[in-house]
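Q: The structure is given below, and queries will be raised subsequently.
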Amino acid sequence: MHEWALAESIVLAAVEAAQKEKLKMITEITVHIGELQQIEKEIFLFALNELAKQQNPKIKNDAFHLKTEKSSLICKTCGHNWKYSDMKKKFNETESESIHFIPEVVFVHARCPKCGSPDFEITKGRGVVLSSIKGLR
């Protein structure tokens, strides 16, 4: 599953950072999830917690804090700003699934809701970012 692969990357990055800082235990990990990723948070959190059980340094139970970053898109033609949630219901199941696995696919399926241009930029809400780690030395 997509969520498990992302969870594995987050856990491994957190452990690597903690080892560099010589932490004995990771007590908090904050992860920002871009809205365009369309992560199933329950599956993602379950995967994070399961993968955390086998790590060294140890990762405290309930160490993961997930925060959603809303998307922001801007049309390069007319300057209109909008959010992915504004257009999400216009996509069919196949289009939504494609965007879930590869957020950049949104460029194929979306248009500016004001002028219809396909030329826009994603300024926020893409990707999964390990934003902070706290721990004990």
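Starting from 1 in every chain, residues are counted up; chains themselves are A, B, ... following the order of the structure tokens, and ligands are numbered from 1 as listed.
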Mind listing the strand (DSSP E) residues of chain A, per DSSP on the backbone, as a PyMOL selection string?
A: chain A and resi 25-34+58-59+64-69+72-75+81-82+120-124+128-136
Q: Which residues, written as a PyMOL selection string, have at least one atom at most 10 Å from Lys90 of chain A, with only C-alpha atoms counted and residues fewer than 6 positions away on the same chain left out?
A: chain A and resi 96+109-110
Q: Those residues you just picked out, can you put them in a file as a PDB file, in the first residue's frame with N, CA, C and O atoms?
A:
```pdb
ATOM      1  N   SER A  96      -9.039  10.524  -9.146  1.00  0.00           N
ATOM      2  CA  SER A  96      -8.688  10.709  -7.728  1.00  0.00           C
ATOM      3  C   SER A  96      -7.621   9.727  -7.292  1.00  0.00           C
ATOM      4  O   SER A  96      -6.690  10.083  -6.572  1.00  0.00           O
ATOM      5  N   HIS A 109      -5.475  16.526 -14.912  1.00  0.00           N
ATOM      6  CA  HIS A 109      -6.921  16.479 -14.722  1.00  0.00           C
ATOM      7  C   HIS A 109      -7.565  17.808 -14.310  1.00  0.00           C
ATOM      8  O   HIS A 109      -8.780  17.948 -14.418  1.00  0.00           O
ATOM      9  N   ALA A 110      -6.798  18.747 -13.835  1.00  0.00           N
ATOM     10  CA  ALA A 110      -7.382  19.979 -13.282  1.00  0.00           C
ATOM     11  C   ALA A 110      -7.198  21.167 -14.221  1.00  0.00           C
ATOM     12  O   ALA A 110      -6.261  21.216 -15.019  1.00  0.00           O
TER      13      ALA A 110
END
```
Q: Please identify which residues in chain A DSSP calls alpha helix (DSSP H) from the backbone, and express them as a ChimeraX atom specification.
A: /A:2-20,41-52,84-87,93-101,106-109
Q: I need the chosen residues saved as a compact mmCIF listing (two decimals), in the first residue's frame, with N, CA and C atoms.
A:
```
# COMPACT_ATOMS: atom_id res chain seq x y z
N HIS A 2 0.36 2.28 -0.59
CA HIS A 2 1.02 3.57 -0.68
C HIS A 2 1.37 4.12 0.71
N GLU A 3 0.44 4.02 1.65
CA GLU A 3 0.65 4.55 3.00
C GLU A 3 1.81 3.83 3.71
N TRP A 4 1.92 2.52 3.51
CA TRP A 4 2.99 1.76 4.16
C TRP A 4 4.36 2.18 3.64
N ALA A 5 4.48 2.39 2.36
CA ALA A 5 5.76 2.83 1.79
C ALA A 5 6.15 4.21 2.32
N LEU A 6 5.18 5.11 2.39
CA LEU A 6 5.46 6.44 2.93
C LEU A 6 5.82 6.36 4.42
N ALA A 7 5.10 5.52 5.16
CA ALA A 7 5.38 5.35 6.59
C ALA A 7 6.80 4.82 6.81
N GLU A 8 7.19 3.87 5.99
CA GLU A 8 8.53 3.32 6.12
C GLU A 8 9.60 4.39 5.90
N SER A 9 9.39 5.23 4.91
CA SER A 9 10.34 6.32 4.64
C SER A 9 10.43 7.29 5.81
N ILE A 10 9.28 7.63 6.40
CA ILE A 10 9.25 8.56 7.53
C ILE A 10 9.96 7.96 8.74
N VAL A 11 9.66 6.71 9.05
CA VAL A 11 10.27 6.05 10.22
C VAL A 11 11.78 5.94 10.03
N LEU A 12 12.22 5.52 8.86
CA LEU A 12 13.66 5.38 8.63
C LEU A 12 14.37 6.73 8.70
N ALA A 13 13.76 7.78 8.17
CA ALA A 13 14.36 9.12 8.24
C ALA A 13 14.42 9.61 9.69
N ALA A 14 13.39 9.33 10.46
CA ALA A 14 13.36 9.74 11.87
C ALA A 14 14.44 9.02 12.67
N VAL A 15 14.57 7.74 12.43
CA VAL A 15 15.58 6.94 13.14
C VAL A 15 16.99 7.41 12.77
N GLU A 16 17.21 7.66 11.50
CA GLU A 16 18.52 8.14 11.06
C GLU A 16 18.86 9.49 11.71
N ALA A 17 17.91 10.39 11.74
CA ALA A 17 18.14 11.70 12.37
C ALA A 17 18.39 11.54 13.87
N ALA A 18 17.64 10.66 14.52
CA ALA A 18 17.80 10.43 15.96
C ALA A 18 19.17 9.82 16.26
N GLN A 19 19.63 8.93 15.42
CA GLN A 19 20.95 8.33 15.62
C GLN A 19 22.05 9.38 15.48
N LYS A 20 21.92 10.27 14.51
CA LYS A 20 22.91 11.34 14.33
C LYS A 20 22.96 12.25 15.55
N LYS A 41 -5.30 8.50 6.65
CA LYS A 41 -4.56 8.77 7.89
C LYS A 41 -4.57 7.59 8.87
N GLU A 42 -5.67 6.88 8.97
CA GLU A 42 -5.74 5.75 9.91
C GLU A 42 -4.76 4.66 9.50
N ILE A 43 -4.71 4.36 8.21
CA ILE A 43 -3.78 3.33 7.71
C ILE A 43 -2.35 3.81 7.89
N PHE A 44 -2.11 5.07 7.55
CA PHE A 44 -0.76 5.64 7.67
C PHE A 44 -0.28 5.62 9.12
N LEU A 45 -1.12 6.04 10.04
CA LEU A 45 -0.76 6.06 11.46
C LEU A 45 -0.53 4.64 11.98
N PHE A 46 -1.37 3.71 11.57
CA PHE A 46 -1.19 2.30 11.96
C PHE A 46 0.17 1.80 11.46
N ALA A 47 0.48 2.09 10.20
CA ALA A 47 1.75 1.66 9.62
C ALA A 47 2.93 2.29 10.36
N LEU A 48 2.84 3.57 10.66
CA LEU A 48 3.90 4.25 11.41
C LEU A 48 4.14 3.57 12.75
N ASN A 49 3.06 3.31 13.48
CA ASN A 49 3.18 2.70 14.81
C ASN A 49 3.71 1.27 14.74
N GLU A 50 3.28 0.53 13.74
CA GLU A 50 3.78 -0.85 13.59
C GLU A 50 5.27 -0.86 13.25
N LEU A 51 5.67 -0.02 12.32
CA LEU A 51 7.08 0.05 11.93
C LEU A 51 7.95 0.60 13.06
N ALA A 52 7.40 1.45 13.89
CA ALA A 52 8.14 2.05 15.00
C ALA A 52 8.53 1.03 16.05
N TYR A 84 -7.40 22.47 -3.63
CA TYR A 84 -7.74 21.17 -4.21
C TYR A 84 -9.15 20.75 -3.79
N SER A 85 -9.52 21.01 -2.54
CA SER A 85 -10.83 20.62 -2.06
C SER A 85 -11.95 21.28 -2.86
N ASP A 86 -11.68 22.44 -3.47
CA ASP A 86 -12.67 23.13 -4.30
C ASP A 86 -13.00 22.35 -5.56
N MET A 87 -12.06 21.54 -6.05
CA MET A 87 -12.28 20.83 -7.32
C MET A 87 -12.33 19.31 -7.15
N GLU A 93 -13.39 8.50 -9.90
CA GLU A 93 -12.61 7.63 -9.00
C GLU A 93 -11.21 7.35 -9.54
N THR A 94 -11.08 7.12 -10.84
CA THR A 94 -9.78 6.82 -11.44
C THR A 94 -8.85 8.03 -11.35
N GLU A 95 -9.40 9.22 -11.62
CA GLU A 95 -8.59 10.43 -11.53
C GLU A 95 -8.14 10.68 -10.10
N SER A 96 -9.04 10.52 -9.15
CA SER A 96 -8.69 10.71 -7.73
C SER A 96 -7.62 9.73 -7.29
N GLU A 97 -7.74 8.47 -7.72
CA GLU A 97 -6.76 7.44 -7.37
C GLU A 97 -5.39 7.79 -7.96
N SER A 98 -5.36 8.28 -9.18
CA SER A 98 -4.10 8.67 -9.82
C SER A 98 -3.42 9.79 -9.04
N ILE A 99 -4.21 10.77 -8.63
CA ILE A 99 -3.67 11.90 -7.88
C ILE A 99 -3.17 11.44 -6.51
N HIS A 100 -3.86 10.46 -5.92
CA HIS A 100 -3.45 9.90 -4.63
C HIS A 100 -2.03 9.34 -4.71
N PHE A 101 -1.74 8.58 -5.76
CA PHE A 101 -0.42 7.95 -5.87
C PHE A 101 0.65 8.90 -6.40
N VAL A 106 -2.32 15.79 -10.93
CA VAL A 106 -3.37 16.81 -10.87
C VAL A 106 -3.26 17.76 -12.07
N PHE A 107 -2.04 17.95 -12.60
CA PHE A 107 -1.86 18.83 -13.74
C PHE A 107 -2.55 18.30 -15.00
N VAL A 108 -2.76 17.01 -15.06
CA VAL A 108 -3.43 16.40 -16.21
C VAL A 108 -4.94 16.59 -16.12
N HIS A 109 -5.47 16.53 -14.91
CA HIS A 109 -6.92 16.48 -14.72
C HIS A 109 -7.57 17.81 -14.31
```
Q: For the atom pair atom CA of Pro103 of chain A and atom CA of Lys83 of chain A, what is the interatomic distance in Å to one decimal place?
A: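 Calculated distance between atom CA of Pro103 of chain A and atom CA of Lys83 of chain A is 13.6 Å.
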Q: Suppose you want the space between atom CA of Thr30 of chain A and atom CA of Asn81 of chain A; what is it in Å?
A: 27.6 Å
Q: Take atom CA of Cys78 of chain A and atom CA of Pro113 of chain A and report the distance between them in Å, one decimal.
A: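 Between atom CA of Cys78 of chain A and atom CA of Pro113 of chain A the gap works out to 10.5 Å.
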Q: I'd like to know which of A:Leu66, A:Met25, A:Cys112, A:Ile33 is closest to Val129 of chain A, using only C-alpha atoms.
A: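 Selected residue with least distance to Val129 of chain A: A:Ile33.
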